[in-house]
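Only one structure is covered here, and it is reproduced in the block below.
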Amino acid sequence: MELNLAGKRAVVTGAGSGIGREIATRFSGVGAAVAVCDVVKDAADKVAADLSGKGGRAEAYAVDVSDFAAVQQLCERIAADLGGIDILVNNAGITRDNLLLRMTEAEFDRVIAVNLKGTFNFTKACFRGLMKNRWGRIINIASVIGQMGNAGQANYAAAKAGIIGLTKSTARELASRNVTVNAIAPGYIATAMTEKLDTAAREAYIAAIPLKRAGTPADVADVCLFLASDLASYVTGQVLRVDGGLLM
Ligand SMILES: NC(=O)c1ccc[n+]([C@@H]2O[C@H](COP(=O)([O-])OP(=O)(O)OC[C@H]3O[C@@H](n4cnc5c(N)ncnc54)[C@H](O)[C@@H]3O)[C@@H](O)[C@H]2O)c1
């Protein structure tokens with residue numbers, strides 16, 4: 001058994017930047033064909049071109065993960081282009097932070113639509129194919145905030161906690177077909193998403209992390225690769241925290 005994805009076809013959402021880009025890059029580096037999906041078309045194009053330039057097989061697809069019909073169509077297209085889908089990484093996510101007192105309905109709805117509904121949309125679109133395939137991996141990128149809660153992130157925490165419930169239910173439904181379904185709960189990772197934080201908030205986060213540093217997209221991508229590989233064949237329905245010990 002090894003960390004090799006040769007011959008596997010992987011779909012990574014939100015792969016145009018940050019953690020998703022790193023996951024797509026790691027997967028491509030060990031032989032997977034990768035469908036690079038992002039709502040920002042240029043970003044997806046750039047990542048796919050980069051991976052192709054390094055000798056991998058990668059295709060870019062522009063999609064808003066919250067659009068159910070578009071996602072169903074897209075997954076049919078990806079399966080036709082790559083010859084099937086073996087691995088799905090639901091990584092696309094956004095924040096719209098506000099204290100509940102000030103949080104608007106639109107802020108709540110959009111965060112649920114992208115993070116939680118988007119994960120459902122891709123899972124649903126790939127479900128039948130993975131069942132028939134009799135080998136598969138779904139890896140959902142949740143967050144430690146879905147387990148801890150966070151002032152100012154009620155929408156995001158609810159969406160990420162929802163992803164954990166979705167993960168465990170899907171794991172039970174797909175286990176007999178040799179498809180594992182797990183979630184990763186990253187802590188504080190240095191990406192565009194966390195760049196918005198001011199220096200004081202960033203320092204407060206790092207002070208609370210036992211390993212005393214922010215995580216990198218590579219820290220998350222390494223664990224994602226492990227879960228996608230044959231090394232993790234007997235792991236399903238789990239939430240793996242990649243947070244430097246923030247929550248124990
Ligand atoms: N950065 C962190 O500290 C952290 C911590 C825990 C969890 N996460 C989760 O990791 C995932 C990746 O986040 P990141 O830090 O790399 O952020 P990021 O903003 O760098 O990347 C998110 C990507 O998702 C894409 N995206 C946004 N909305 C989309 C939509 N509707 N349809 C398709 N693509 C869309 C963006 O264009 C972007 O390329 C998210 O689910 C996030 O919630 C991040």
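Starting from 1 in every chain, residues are counted up; chains themselves are A, B, ... following the order of the structure tokens, and ligands are numbered from 1 as listed.
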Item checked: Polymer residues at most 12 Å from Lys54 (chain A), only C-alpha atoms, same-chain spacing of 3 or more positions, as a ChimeraX atom specification -> /A:25-26,28-31,47-51,57-58
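By chain and then residue number, the residues within 12 Å of Lys132 (chain A) are Gly84, Ile85, Asp86, Cys126, Phe127, Leu174, Ser176, Arg177, Asn178 and Val179 of chain A, counting only C-alpha atoms and disregarding those fewer than 5 positions away in sequence.
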Mind dumping a table of every chain A residue within 6 Å of ligand 1, with the nearest atom pair and its distance in Å to one decimal, using only C-alpha atoms and all ligand atoms, sorted by chain and rising number, as a tab-separated table?
residue	atom	partner	partner_atom_place_in_ligand_line	distance
A:Thr13	CA	ligand 1	34 (N)	6.0
A:Gly14	CA	ligand 1	24 (O)	3.4
A:Ala15	CA	ligand 1	39 (O)	5.6
A:Gly16	CA	ligand 1	39 (O)	4.1
A:Ser17	CA	ligand 1	39 (O)	4.1
A:Gly18	CA	ligand 1	16 (O)	3.4
A:Ile19	CA	ligand 1	16 (O)	3.8
A:Gly20	CA	ligand 1	16 (O)	5.6
A:Asp38	CA	ligand 1	34 (N)	4.0
A:Val39	CA	ligand 1	33 (C)	3.9
A:Val40	CA	ligand 1	37 (O)	5.1
A:Val63	CA	ligand 1	33 (C)	5.6
A:Asp64	CA	ligand 1	32 (N)	3.5
A:Val65	CA	ligand 1	32 (N)	4.0
A:Ser66	CA	ligand 1	31 (N)	5.5
A:Asn91	CA	ligand 1	41 (O)	4.6
A:Ala92	CA	ligand 1	24 (O)	3.9
A:Gly93	CA	ligand 1	41 (O)	3.5
A:Ile94	CA	ligand 1	27 (C)	5.5
A:Val114	CA	ligand 1	31 (N)	5.0
A:Ile141	CA	ligand 1	41 (O)	5.3
A:Ala142	CA	ligand 1	7 (C)	5.6
A:Ser143	CA	ligand 1	6 (C)	4.1
A:Pro186	CA	ligand 1	6 (C)	4.2
A:Gly187	CA	ligand 1	5 (C)	4.9
A:Tyr188	CA	ligand 1	3 (O)	3.8
A:Ile189	CA	ligand 1	3 (O)	3.6
A:Ala190	CA	ligand 1	1 (N)	5.6
A:Thr191	CA	ligand 1	15 (O)	4.7
A:Ala192	CA	ligand 1	20 (O)	4.4
A:Met193	CA	ligand 1	19 (O)	4.4
A:Thr194	CA	ligand 1	1 (N)	5.3
Notebook entry, point to check: Could you pull out all residues of region 124-198 of chain A with a DSSP call of strand (DSSP E or B) and give them as a PyMOL selection string?
Noted result: chain A and resi 136-141+179-186+189
Neighbours of Glu107 (chain A) within 8 Å (only C-alpha atoms; same-chain residues fewer than 3 positions away dropped), as an mmCIF file with N, CA and C atoms, in the first residue's frame?
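Written file, around.cif:
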data_model
loop_
_atom_site.group_PDB
_atom_site.id
_atom_site.type_symbol
_atom_site.label_atom_id
_atom_site.label_comp_id
_atom_site.auth_asym_id
_atom_site.auth_seq_id
_atom_site.Cartn_x
_atom_site.Cartn_y
_atom_site.Cartn_z
ATOM 1 N N ARG A 96 -18.955 34.651 5.671
ATOM 2 C CA ARG A 96 -19.617 35.968 5.688
ATOM 3 C C ARG A 96 -19.844 36.273 7.171
ATOM 4 N N ASP A 97 -18.762 36.682 7.850
ATOM 5 C CA ASP A 97 -18.803 36.787 9.306
ATOM 6 C C ASP A 97 -19.608 37.987 9.798
ATOM 7 N N MET A 103 -26.190 39.715 11.813
ATOM 8 C CA MET A 103 -26.126 38.835 10.636
ATOM 9 C C MET A 103 -27.422 38.925 9.819
ATOM 10 N N THR A 104 -27.273 39.126 8.517
ATOM 11 C CA THR A 104 -28.452 39.225 7.665
ATOM 12 C C THR A 104 -28.865 37.828 7.196
ATOM 13 N N ARG A 110 -26.243 32.375 2.184
ATOM 14 C CA ARG A 110 -25.163 32.167 1.211
ATOM 15 C C ARG A 110 -24.103 31.204 1.757
ATOM 16 N N VAL A 111 -23.790 31.346 3.035
ATOM 17 C CA VAL A 111 -22.767 30.465 3.630
ATOM 18 C C VAL A 111 -23.271 29.018 3.681
ATOM 19 N N ASN A 155 -23.244 31.271 11.052
ATOM 20 C CA ASN A 155 -23.601 30.699 9.745
ATOM 21 C C ASN A 155 -22.570 29.643 9.315
#
Item checked: Near-Asn121 (chain A) list (10 Å; only C-alpha atoms; drop same-chain fewer than 2 positions) as JSON, numbers by chain -> {"A": [65, 66, 67, 68, 69, 70, 71, 72, 75, 90, 113, 114, 116, 117, 118, 119, 123, 124, 125, 126, 127]}
For the residues in that selection, give me C-alpha atoms as a tab-separated table (two decimals), in the first residue's frame.
chain	number	residue	atom	x	y	z
A	65	VAL	CA	-21.17	24.64	-6.23
A	66	SER	CA	-24.46	25.99	-4.84
A	67	ASP	CA	-26.24	25.51	-8.20
A	68	PHE	CA	-27.79	22.02	-7.99
A	69	ALA	CA	-28.68	21.59	-11.68
A	70	ALA	CA	-25.33	22.95	-12.90
A	71	VAL	CA	-23.43	20.58	-10.60
A	72	GLN	CA	-25.38	17.50	-11.78
A	75	CYS	CA	-20.33	15.85	-12.96
A	90	ASN	CA	-15.72	19.00	-1.36
A	113	ALA	CA	-25.65	27.40	0.18
A	114	VAL	CA	-21.96	27.27	-0.72
A	116	LEU	CA	-23.28	22.78	3.02
A	117	LYS	CA	-25.58	22.65	0.00
A	118	GLY	CA	-22.56	22.69	-2.32
A	119	THR	CA	-21.21	19.58	-0.55
A	123	THR	CA	-22.08	14.24	-3.29
A	124	LYS	CA	-25.48	13.64	-4.90
A	125	ALA	CA	-24.06	14.08	-8.41
A	126	CYS	CA	-21.22	11.58	-7.82
A	127	PHE	CA	-23.15	9.14	-5.61
Next item on the list: Show which residues sit within 12 Å of Gly165 (chain A), as a list in words. Count only C-alpha atoms, and ignore same-chain residues fewer than 5 positions away.
Entry: Leu116, Thr119, Phe120, Asn140, Ala142, Gly146, Gln147, Ala158, Ala159, Lys160, Thr170, Ala171, Arg172, Val181, Asn182, Ala183, Gly237, Gln238 and Val239 of chain A
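Comparing A:Val220, A:Leu211, A:Ile139, A:Leu231 by their smallest distance to Val89 (chain A), the closest is A:Ile139 (using only C-alpha atoms).
Going from CA of Asp198 (chain A) to CA of Ala43 (chain A) covers 25.4 Å.
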Margin query: Just to confirm, what's the straight-line distance from CA of Ile209 (chain A) to CA of Gly245 (chain A) in Å (one decimal)?
Written below: 6.1 Å
Considering only C-alpha atoms, return as a PDB file with N, CA and C atoms, in the first residue's frame whatever protein or nucleic-acid residues lie within 9 Å of Arg9 (chain A), sequence-local ones (same chain, fewer than 6 positions apart) excluded.
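Written output follows (around27.pdb):
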ATOM      1  N   ALA A  32      -2.942  11.195 -10.046  1.00  0.00           N
ATOM      2  CA  ALA A  32      -4.388  11.287 -10.313  1.00  0.00           C
ATOM      3  C   ALA A  32      -4.674  12.248 -11.465  1.00  0.00           C
ATOM      4  N   ALA A  33      -5.715  11.948 -12.246  1.00  0.00           N
ATOM      5  CA  ALA A  33      -6.259  12.937 -13.177  1.00  0.00           C
ATOM      6  C   ALA A  33      -7.179  13.821 -12.340  1.00  0.00           C
ATOM      7  N   VAL A  34      -7.076  15.137 -12.512  1.00  0.00           N
ATOM      8  CA  VAL A  34      -7.801  16.032 -11.594  1.00  0.00           C
ATOM      9  C   VAL A  34      -8.733  16.971 -12.353  1.00  0.00           C
ATOM     10  N   ALA A  35     -10.004  17.017 -11.912  1.00  0.00           N
ATOM     11  CA  ALA A  35     -10.964  18.014 -12.388  1.00  0.00           C
ATOM     12  C   ALA A  35     -10.892  19.191 -11.422  1.00  0.00           C
ATOM     13  N   ALA A  79     -17.245  13.052 -15.695  1.00  0.00           N
ATOM     14  CA  ALA A  79     -17.147  11.586 -15.788  1.00  0.00           C
ATOM     15  C   ALA A  79     -16.892  11.172 -17.234  1.00  0.00           C
ATOM     16  N   LEU A  82     -13.114  12.309 -18.099  1.00  0.00           N
ATOM     17  CA  LEU A  82     -12.027  11.568 -17.432  1.00  0.00           C
ATOM     18  C   LEU A  82     -12.242  10.058 -17.453  1.00  0.00           C
ATOM     19  N   GLY A  83     -13.426   9.626 -17.885  1.00  0.00           N
ATOM     20  CA  GLY A  83     -13.721   8.194 -17.918  1.00  0.00           C
ATOM     21  C   GLY A  83     -14.287   7.666 -16.614  1.00  0.00           C
ATOM     22  N   GLY A  84     -14.700   8.576 -15.713  1.00  0.00           N
ATOM     23  CA  GLY A  84     -15.272   8.173 -14.423  1.00  0.00           C
ATOM     24  C   GLY A  84     -14.774   9.089 -13.327  1.00  0.00           C
ATOM     25  N   ILE A  85     -15.317   8.894 -12.126  1.00  0.00           N
ATOM     26  CA  ILE A  85     -14.878   9.678 -10.967  1.00  0.00           C
ATOM     27  C   ILE A  85     -14.654   8.699  -9.813  1.00  0.00           C
ATOM     28  N   ASP A  86     -13.468   8.758  -9.207  1.00  0.00           N
ATOM     29  CA  ASP A  86     -13.146   7.877  -8.076  1.00  0.00           C
ATOM     30  C   ASP A  86     -13.090   8.624  -6.749  1.00  0.00           C
ATOM     31  N   ILE A  87     -12.684   9.899  -6.824  1.00  0.00           N
ATOM     32  CA  ILE A  87     -12.433  10.673  -5.592  1.00  0.00           C
ATOM     33  C   ILE A  87     -13.111  12.032  -5.722  1.00  0.00           C
ATOM     34  N   LEU A  88     -13.857  12.402  -4.685  1.00  0.00           N
ATOM     35  CA  LEU A  88     -14.492  13.726  -4.648  1.00  0.00           C
ATOM     36  C   LEU A  88     -14.006  14.456  -3.399  1.00  0.00           C
TER      37      LEU A  88
END
Next item on the list: Would you please extract all helix (DSSP H, G or I) residues from region 5-219 of chain A, as assigned by DSSP on the backbone, and give them as JSON, numbers by chain?
Entry: {"A": [18, 19, 20, 21, 22, 23, 24, 25, 26, 27, 28, 29, 41, 42, 43, 44, 45, 46, 47, 48, 49, 50, 51, 52, 53, 68, 69, 70, 71, 72, 73, 74, 75, 76, 77, 78, 79, 80, 81, 82, 105, 106, 107, 108, 109, 110, 111, 112, 113, 114, 115, 116, 117, 118, 119, 120, 121, 122, 123, 124, 125, 126, 127, 128, 129, 130, 131, 132, 133, 145, 146, 147, 148, 154, 155, 156, 157, 158, 159, 160, 161, 162, 163, 164, 165, 166, 167, 168, 169, 170, 171, 172, 173, 174, 175, 176, 177, 192, 193, 194, 195, 199, 200, 201, 202, 203, 204, 205, 206, 207, 217, 218, 219]}
Next item on the list: Could you tell me how far CA of Gly149 (chain A) lies from CA of Thr180 (chain A), in Å and to one decimal?
Entry: 26.5 Å
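Ranking A:Leu246, A:Val235, A:Leu3, A:Ala228 by their shortest atom-to-atom distance to Tyr205 (chain A), with only C-alpha atoms included, puts A:Leu246 first.
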